[in-house]
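Please read the structure below before turning to the comments.
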Protein chains: 4
Amino acid sequence: MLKVAICGASGYAGAELLRLLSGHPGVQVAAVTSERSSGKNPAALFPHLSKYGENLFFEPLEPAILLEKADFFFMALPHAASQPAVALLFKEGKKVVDLSADYRIKDPAVYEEWYKVEHKHRDVLKKAVYGLPELHRAKIKKASLVANPGCYPTGAILGIYPALKSGLASPEGIIVDSKSGASGAGRQSDVRFSFCEVNEGFKAYSVAAHRHTPEIEQETSQAAKKQVTINFTPHLLPVNRGILSTIYLKAAKKLTTGSAISLYEKAYRDEPFVRVLGADELPNINAVKGTNRCDIGLRFDARTGTLIVITAIDNLVKGAAGQAIHNMNLMMGFPEDTALSTLAAFP
Amino acid sequence: MLKVAICGASGYAGAELLRLLSGHPGVQVAAVTSERSSGKNPAALFPHLSKYGENLFFEPLEPAILLEKADFFFMALPHAASQPAVALLFKEGKKVVDLSADYRIKDPAVYEEWYKVEHKHRDVLKKAVYGLPELHRAKIKKASLVANPGCYPTGAILGIYPALKSGLASPEGIIVDSKSGASGAGRQSDVRFSFCEVNEGFKAYSVAAHRHTPEIEQETSQAAKKQVTINFTPHLLPVNRGILSTIYLKAAKKLTTGSAISLYEKAYRDEPFVRVLGADELPNINAVKGTNRCDIGLRFDARTGTLIVITAIDNLVKGAAGQAIHNMNLMMGFPEDTALSTLAAFP
Amino acid sequence: MLKVAICGASGYAGAELLRLLSGHPGVQVAAVTSERSSGKNPAALFPHLSKYGENLFFEPLEPAILLEKADFFFMALPHAASQPAVALLFKEGKKVVDLSADYRIKDPAVYEEWYKVEHKHRDVLKKAVYGLPELHRAKIKKASLVANPGCYPTGAILGIYPALKSGLASPEGIIVDSKSGASGAGRQSDVRFSFCEVNEGFKAYSVAAHRHTPEIEQETSQAAKKQVTINFTPHLLPVNRGILSTIYLKAAKKLTTGSAISLYEKAYRDEPFVRVLGADELPNINAVKGTNRCDIGLRFDARTGTLIVITAIDNLVKGAAGQAIHNMNLMMGFPEDTALSTLAAFP
Amino acid sequence: MLKVAICGASGYAGAELLRLLSGHPGVQVAAVTSERSSGKNPAALFPHLSKYGENLFFEPLEPAILLEKADFFFMALPHAASQPAVALLFKEGKKVVDLSADYRIKDPAVYEEWYKVEHKHRDVLKKAVYGLPELHRAKIKKASLVANPGCYPTGAILGIYPALKSGLASPEGIIVDSKSGASGAGRQSDVRFSFCEVNEGFKAYSVAAHRHTPEIEQETSQAAKKQVTINFTPHLLPVNRGILSTIYLKAAKKLTTGSAISLYEKAYRDEPFVRVLGADELPNINAVKGTNRCDIGLRFDARTGTLIVITAIDNLVKGAAGQAIHNMNLMMGFPEDTALSTLAAFP
């Protein structure tokens, strides 16, 4: 049994790791940390986790103790706070999946520009692998430190990658219009995320300024083999879970809806968690909620020469905890879909 | 033009007073107070109130200044804080509608037992009129201080009163099972009222312990001419507005659904804001949202001898701001439905 | 591998059976029937079921064919239609769990009064076991035909049973005030269940007339050892899943909240799917959604002598498909929680 | 008093006309038509309209009778059905606001291509004025027939017009990503719009194929003085009301967020129903629900040279009934905001 610790486990991503890992036959959750909820049982915050019973309690993040307790670490700390904690664990030889943004951006200058904080562990950053299995599976299998992608970038990159890689679409003028459920903001005591403010509402936020932008650009630039600059606009949906991204690409080759679908089907043929939809279907977040799946729909607008790619994921699963477990499965040699095969509870 | 001040105006009840008063031809909002939001325009907190433009700003509650500015006061302060502020205004000869609980309970001992705070203005308390117009219209017209009813008591009392007054139902064993939208908790930065915790959820709270219980008992005891003890259970609905109360009464006379409906129709025949539904209809909160209306449906369960009375109100309007304006209209001689005649925006 | 057929599989209960059975290692879904959707793949109606791929298609309900294909039958047909289909399968020696109401009510006269249809298979009815495992586990294990309980009765009976069985509460004057998510109405093309009519709404329906009433009375009468008559009021919640029932019982013995909790804890000590909450917690439907769990909270109101029991279930799981699989596990000797151990995807 | 008839009044747009007209001092609703609901009172379908009491009943659409009853007509019939009915009324000298699509598209060939139906009243079409008051106020005032804009086009055109008119943005490559509440689909008994399918879901639909596309192109082409081709993608939001459109325009001049805001403020300076937001605010549908307001927010993304314009309207008010009443006010000489000045009931 692999002994696992979850650091920063009192938020929604931490709770989701506990939910999913409860179905993993090769893993034992050996420690969960939370400064704020130290001493409490996970079920005290999350009644749906009562299965963990009286055997697991939040504890403060004390490396010396955790190094003894666990061999694999899921880090769900705020960015900046994650930097030193991850570096320490990495240097002690532990395997780590970091759910924060700290080790995602390869260029420290870009990280520092968008996150307004210095990167103090550039040596460790160089060893980190960007944990999108569909793009970097081979590297992830050999990695000790995996930077788990952001929720928005996961859906955006999976939607853009095949079109740029194949030259089907131009790397210029890409627009990503994303809509996320409220759990993307975390477990918050902020009036802006209170029920009455979000319910029956809908708005854009962080327009032309969201920190997930450089992450999308980094990965899609690899596909395009040139620097890609993207306009990314996130919106807040009055639902608990799910991100739908509507992506607008300019066609660079002759294409049809059918040929675009074929190309994406080929690109993701062997992927257990990507489903490319046919010409009679479009993605809906309610078909992927609770699952690690990414659904992709495509349409070509011949009138304007625009390829529209629409992706749907669950921000807490494929966009966070599920992808983190997928990465762990790859790093530790478990079958890829272990603990990740349950279906969406629709409706 | 009546100059009106709203004290504690930065919450949902305050915002709702501003919304409704914007349509009142005889009133000018002369001052709004909020310690926390002092210096801000209402539109900074509530974009839907942009109509108030740059002419109105939250200010701290300073009696000397407010006494100059306004002649009529809506007090939307927390309980206990309302006690001295209301007493001062009352003694200065101002007309006041108090939306807090401080002047609702006639017996200070009962108030102190449920609210765990001393009542220091018992002389003023004696002068306060309980502001449920359907029960106390004549007294309200002559009052200088009206204690605006709580949201739950409004729907509960209107549902129970005719049955007890007429002797149709027994005053023993009354059960009030109420379900309220989330705005009833106020404008909160509390994780328990965050979107993800409330949405797709439903629960009871304050079971057998909610402070609105003695208020319901006080008014229904008047109808029964004996002390009534009620079991009251509130629940949190994942909607913004609305309270539906399902009330269980034991029949004390022979009755049918039809005869009960007739009795209620007679009781509320002249009431502009109460609608008694026929035997083919049941109340829904979505028919009253945004309005000052109380819809009442009735069914007699002959198998168990139970009269079921169901009432629906908007907790922010008939349960707070709308009823407060109704009281002001009565106190100041405006037509009763001034600023209160718009229909629900369904759906 | 047990070959299973689901008859009437194109509704939400059928889809939920498919979802849950996809995680059952001992079962193969050999056939799904639907007249309306005949020829279609489940994924055509339910994209979240795409895992079933191209190997399963809805077919018309033709007994001769189904008898060849499967050995265990889940029947999710409308009441009345289920009568002959179940009788035929039973007489052919198949094992059956019937999710309709047709074989729940032991007294055919009561069934006929409430359902307005004759019971034509009284011999088979006599052999049916009411499938609430917490009450009838031993009989279910030996049964060939199990009548799966209604969604409301499941939560209501589990809430009432220990109090009546132990004599803690009186069998007189019991009130069950239940609130159900919209999936309880099935997959409907009815304007009354359209999004705009349900969202931001809340109402009671079928007041003093709901067909689940005699089912609750039948089972609780067994506990009380006398005929129990109950007032049952269902309400429609604007959520997808979940039933919360608030049950009002008159205390028949001296009790406290603590002693009531202790009694329920003992009653359900060995039950894998019932969780009795402590005095600091109350049930919320969002902690059980997607799961087979029933959460039970208790409070004693000393002022009125009322024991308030609150139960929360997922109407599609513990209230339908999950309980059906639980019954199958018991009938076929699988471990009880097979395919039923996943946790709620909260939020 | 102007005698008004509403044809096709049993849907949400019809109900909204009744709601808003109930506050119009110069109008009397003389007739409402509905084939399906003939003989019923509006309150039978819409309890929130009980104010109309027993004086108004749906009747079949019989021109001879209606011509006697009313002088002003709101036509809320399905497209194609509206063609002859509007033509007849127009030729009889009545004033008409048509809420269908039949008289919006100036070029009958374009209408026929998108709506797949012949336009048989081209002479009348020539006399119709496109009823977006912000663009065509002078013509509307003199018109007898006004084609009320579609819900999506209203928000899209108001967002695009000033940028194209001023040359701030290029007419090439415009993308309109719109998200609409479920009432946009009308009052439907279609399983796809049932509560469980829409709630907690989100999807795009009619991608690159929605019939509102040519309407947006027609009006923005006037601003650009050349043919504009637009990519328009609608999405279905799990809310009752509201459309938020996120519009991506390529800058054609040097600009900043501040300069774009200034230009839009000037463009809409005298408009009673358009509010251009400052650089610290972004539109939210919950601030405009129930109102005739259009909120517009702007951001310039200097990294990509993209001007992002975000507009929020209530699809049933500014996107349908409210704008229709605004047009009537203009046509009949009422003050523009008559019956349209109430504020949003937030939350």
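By convention here, the chains of the structure tokens are called A, B, ... in the order presented, each chain's residues are numbered starting at 1, and ligands are numbered starting at 1 in the order presented.
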*Test item: chain D residues at most 9 Å from chain A, counting only C-alpha atoms, as a PyMOL selection string*: chain D and resi 173+175+177+179+181+196-205+207-209+229-231+233+237-244+246+248+282-287+299-304+306+308+310+312+346-347
*Write out as a ChimeraX atom specification which residues come within 9 Å of region 21-31 of chain B when counting only C-alpha atoms, dropping same-chain ones fewer than 4 positions away.*
/B:1-7,16-17,51-52,56-59,66,69-70,325,334,338-340 /D:341-343
Using DSSP on the backbone, list every residue of region 183-292 of chain A that comes out as helix (DSSP H, G or I), and give them as a tab-separated table (two decimals) with N, CA and C atoms, in the first residue's frame.
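Below is the file that was written, selection02.tsv:
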```
chain	number	residue	atom	x	y	z
A	183	SER	N	-17.23	26.06	-7.57
A	183	SER	CA	-16.22	25.38	-6.76
A	183	SER	C	-14.81	25.72	-7.22
A	184	GLY	N	-14.68	26.25	-8.45
A	184	GLY	CA	-13.37	26.70	-8.92
A	184	GLY	C	-12.77	27.79	-8.06
A	185	ALA	N	-13.60	28.51	-7.34
A	185	ALA	CA	-13.10	29.57	-6.47
A	185	ALA	C	-12.66	29.03	-5.11
A	191	VAL	N	-18.30	37.14	0.53
A	191	VAL	CA	-19.67	37.46	0.15
A	191	VAL	C	-19.88	37.36	-1.36
A	192	ARG	N	-18.83	37.57	-2.14
A	192	ARG	CA	-18.97	37.49	-3.60
A	192	ARG	C	-19.28	36.07	-4.08
A	193	PHE	N	-18.96	35.10	-3.25
A	193	PHE	CA	-19.27	33.72	-3.62
A	193	PHE	C	-20.40	33.15	-2.77
A	195	PHE	N	-24.26	32.30	-1.76
A	195	PHE	CA	-25.30	31.73	-2.62
A	195	PHE	C	-26.08	32.80	-3.38
A	196	CYS	N	-26.56	33.80	-2.65
A	196	CYS	CA	-27.45	34.78	-3.28
A	196	CYS	C	-26.76	35.62	-4.36
A	197	GLU	N	-25.45	35.79	-4.25
A	197	GLU	CA	-24.73	36.61	-5.24
A	197	GLU	C	-24.45	35.81	-6.52
A	198	VAL	N	-24.29	34.49	-6.38
A	198	VAL	CA	-23.92	33.65	-7.52
A	198	VAL	C	-25.15	33.08	-8.22
A	213	THR	N	-3.68	32.24	-18.08
A	213	THR	CA	-3.34	32.57	-19.47
A	213	THR	C	-1.94	32.07	-19.86
A	214	PRO	N	-0.89	32.39	-19.10
A	214	PRO	CA	0.45	31.97	-19.55
A	214	PRO	C	0.61	30.44	-19.57
A	215	GLU	N	-0.15	29.77	-18.76
A	215	GLU	CA	-0.08	28.30	-18.73
A	215	GLU	C	-0.63	27.71	-20.04
A	216	ILE	N	-1.75	28.30	-20.48
A	216	ILE	CA	-2.31	27.86	-21.76
A	216	ILE	C	-1.34	28.18	-22.89
A	217	GLU	N	-0.77	29.37	-22.83
A	217	GLU	CA	0.15	29.79	-23.89
A	217	GLU	C	1.40	28.91	-23.94
A	218	GLN	N	1.93	28.54	-22.78
A	218	GLN	CA	3.14	27.72	-22.73
A	218	GLN	C	2.93	26.39	-23.46
A	219	GLU	N	1.83	25.73	-23.17
A	219	GLU	CA	1.63	24.39	-23.71
A	219	GLU	C	1.21	24.43	-25.19
A	220	THR	N	0.39	25.42	-25.54
A	220	THR	CA	-0.02	25.49	-26.95
A	220	THR	C	1.12	25.98	-27.82
A	221	SER	N	2.02	26.75	-27.25
A	221	SER	CA	3.20	27.19	-28.02
A	221	SER	C	4.05	25.99	-28.43
A	222	GLN	N	4.11	24.99	-27.56
A	222	GLN	CA	4.85	23.77	-27.92
A	222	GLN	C	4.22	23.10	-29.14
A	223	ALA	N	2.90	23.09	-29.16
A	223	ALA	CA	2.22	22.47	-30.30
A	223	ALA	C	2.47	23.26	-31.58
A	224	ALA	N	2.46	24.59	-31.45
A	224	ALA	CA	2.59	25.44	-32.64
A	224	ALA	C	4.04	25.63	-33.05
A	257	THR	N	-16.44	20.23	-40.54
A	257	THR	CA	-16.69	19.72	-39.19
A	257	THR	C	-16.26	18.26	-39.10
A	258	GLY	N	-16.59	17.50	-40.12
A	258	GLY	CA	-16.24	16.08	-40.12
A	258	GLY	C	-14.75	15.82	-40.10
A	259	SER	N	-13.99	16.59	-40.89
A	259	SER	CA	-12.55	16.33	-40.93
A	259	SER	C	-11.88	16.76	-39.62
A	260	ALA	N	-12.41	17.80	-39.02
A	260	ALA	CA	-11.86	18.23	-37.73
A	260	ALA	C	-12.12	17.17	-36.66
A	261	ILE	N	-13.33	16.62	-36.67
A	261	ILE	CA	-13.65	15.57	-35.70
A	261	ILE	C	-12.72	14.37	-35.91
A	262	SER	N	-12.51	13.98	-37.15
A	262	SER	CA	-11.63	12.84	-37.42
A	262	SER	C	-10.23	13.08	-36.88
A	263	LEU	N	-9.73	14.28	-37.12
A	263	LEU	CA	-8.37	14.59	-36.65
A	263	LEU	C	-8.29	14.49	-35.12
A	264	TYR	N	-9.29	15.01	-34.42
A	264	TYR	CA	-9.28	14.94	-32.96
A	264	TYR	C	-9.47	13.50	-32.47
A	265	GLU	N	-10.30	12.76	-33.17
A	265	GLU	CA	-10.48	11.35	-32.77
A	265	GLU	C	-9.16	10.59	-32.86
A	266	LYS	N	-8.42	10.86	-33.91
A	266	LYS	CA	-7.12	10.20	-34.03
A	266	LYS	C	-6.18	10.65	-32.93
A	267	ALA	N	-6.16	11.94	-32.69
A	267	ALA	CA	-5.22	12.48	-31.71
A	267	ALA	C	-5.45	11.87	-30.32
A	285	ILE	N	-21.50	20.07	-19.43
A	285	ILE	CA	-20.77	19.78	-18.19
A	285	ILE	C	-21.47	18.72	-17.35
A	286	ASN	N	-22.78	18.57	-17.52
A	286	ASN	CA	-23.47	17.60	-16.65
A	286	ASN	C	-23.17	16.14	-17.02
A	287	ALA	N	-22.54	15.90	-18.15
A	287	ALA	CA	-22.17	14.53	-18.51
A	287	ALA	C	-20.81	14.13	-17.95
```
*Tell me which of B:Ser10, B:Asp98, B:Ala64, B:Gln188 sits closest to Pro42 (chain B), counting only C-alpha atoms.*
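Looking only at the distances to Pro42 (chain B), the closest residue turns out to be B:Ser10.
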_Those in region 107-281 of chain B with strand (DSSP E) from DSSP, as a VMD selection string_ = chain B and resid 129 to 130 145 to 147 174 to 180 203 to 204 230 to 236 243 to 250 274 to 276
Please save C-alpha atoms of the selected residues as a compact mmCIF listing (two decimals), in the first residue's frame.
```txt
# COMPACT_ATOMS: atom_id res chain seq x y z
CA VAL B 129 -47.13 48.01 17.93
CA TYR B 130 -46.56 44.64 16.27
CA LEU B 145 -43.14 52.88 16.68
CA VAL B 146 -43.93 49.74 14.76
CA ALA B 147 -42.03 46.50 15.27
CA ILE B 174 -49.51 23.03 16.08
CA ILE B 175 -46.54 22.31 13.84
CA VAL B 176 -44.96 24.88 11.53
CA ASP B 177 -42.54 23.41 8.99
CA SER B 178 -40.96 26.33 7.12
CA LYS B 179 -38.55 26.52 4.22
CA SER B 180 -36.71 29.75 3.46
CA LYS B 203 -31.35 20.93 5.44
CA ALA B 204 -33.18 21.88 8.61
CA ILE B 230 -45.74 25.72 18.76
CA ASN B 231 -43.16 23.43 17.22
CA PHE B 232 -41.33 25.41 14.57
CA THR B 233 -38.73 23.91 12.22
CA PRO B 234 -36.97 26.12 9.66
CA HIS B 235 -35.14 24.76 6.61
CA LEU B 236 -32.73 26.34 4.12
CA ILE B 243 -40.62 31.24 2.44
CA LEU B 244 -43.12 28.43 2.20
CA SER B 245 -44.61 27.36 5.52
CA THR B 246 -46.53 24.10 5.80
CA ILE B 247 -48.65 24.31 8.91
CA TYR B 248 -50.35 21.34 10.58
CA LEU B 249 -53.39 22.04 12.74
CA LYS B 250 -55.74 19.62 14.45
CA VAL B 274 -53.36 38.23 0.99
CA ARG B 275 -54.65 35.82 -1.63
CA VAL B 276 -56.54 32.70 -0.52
```
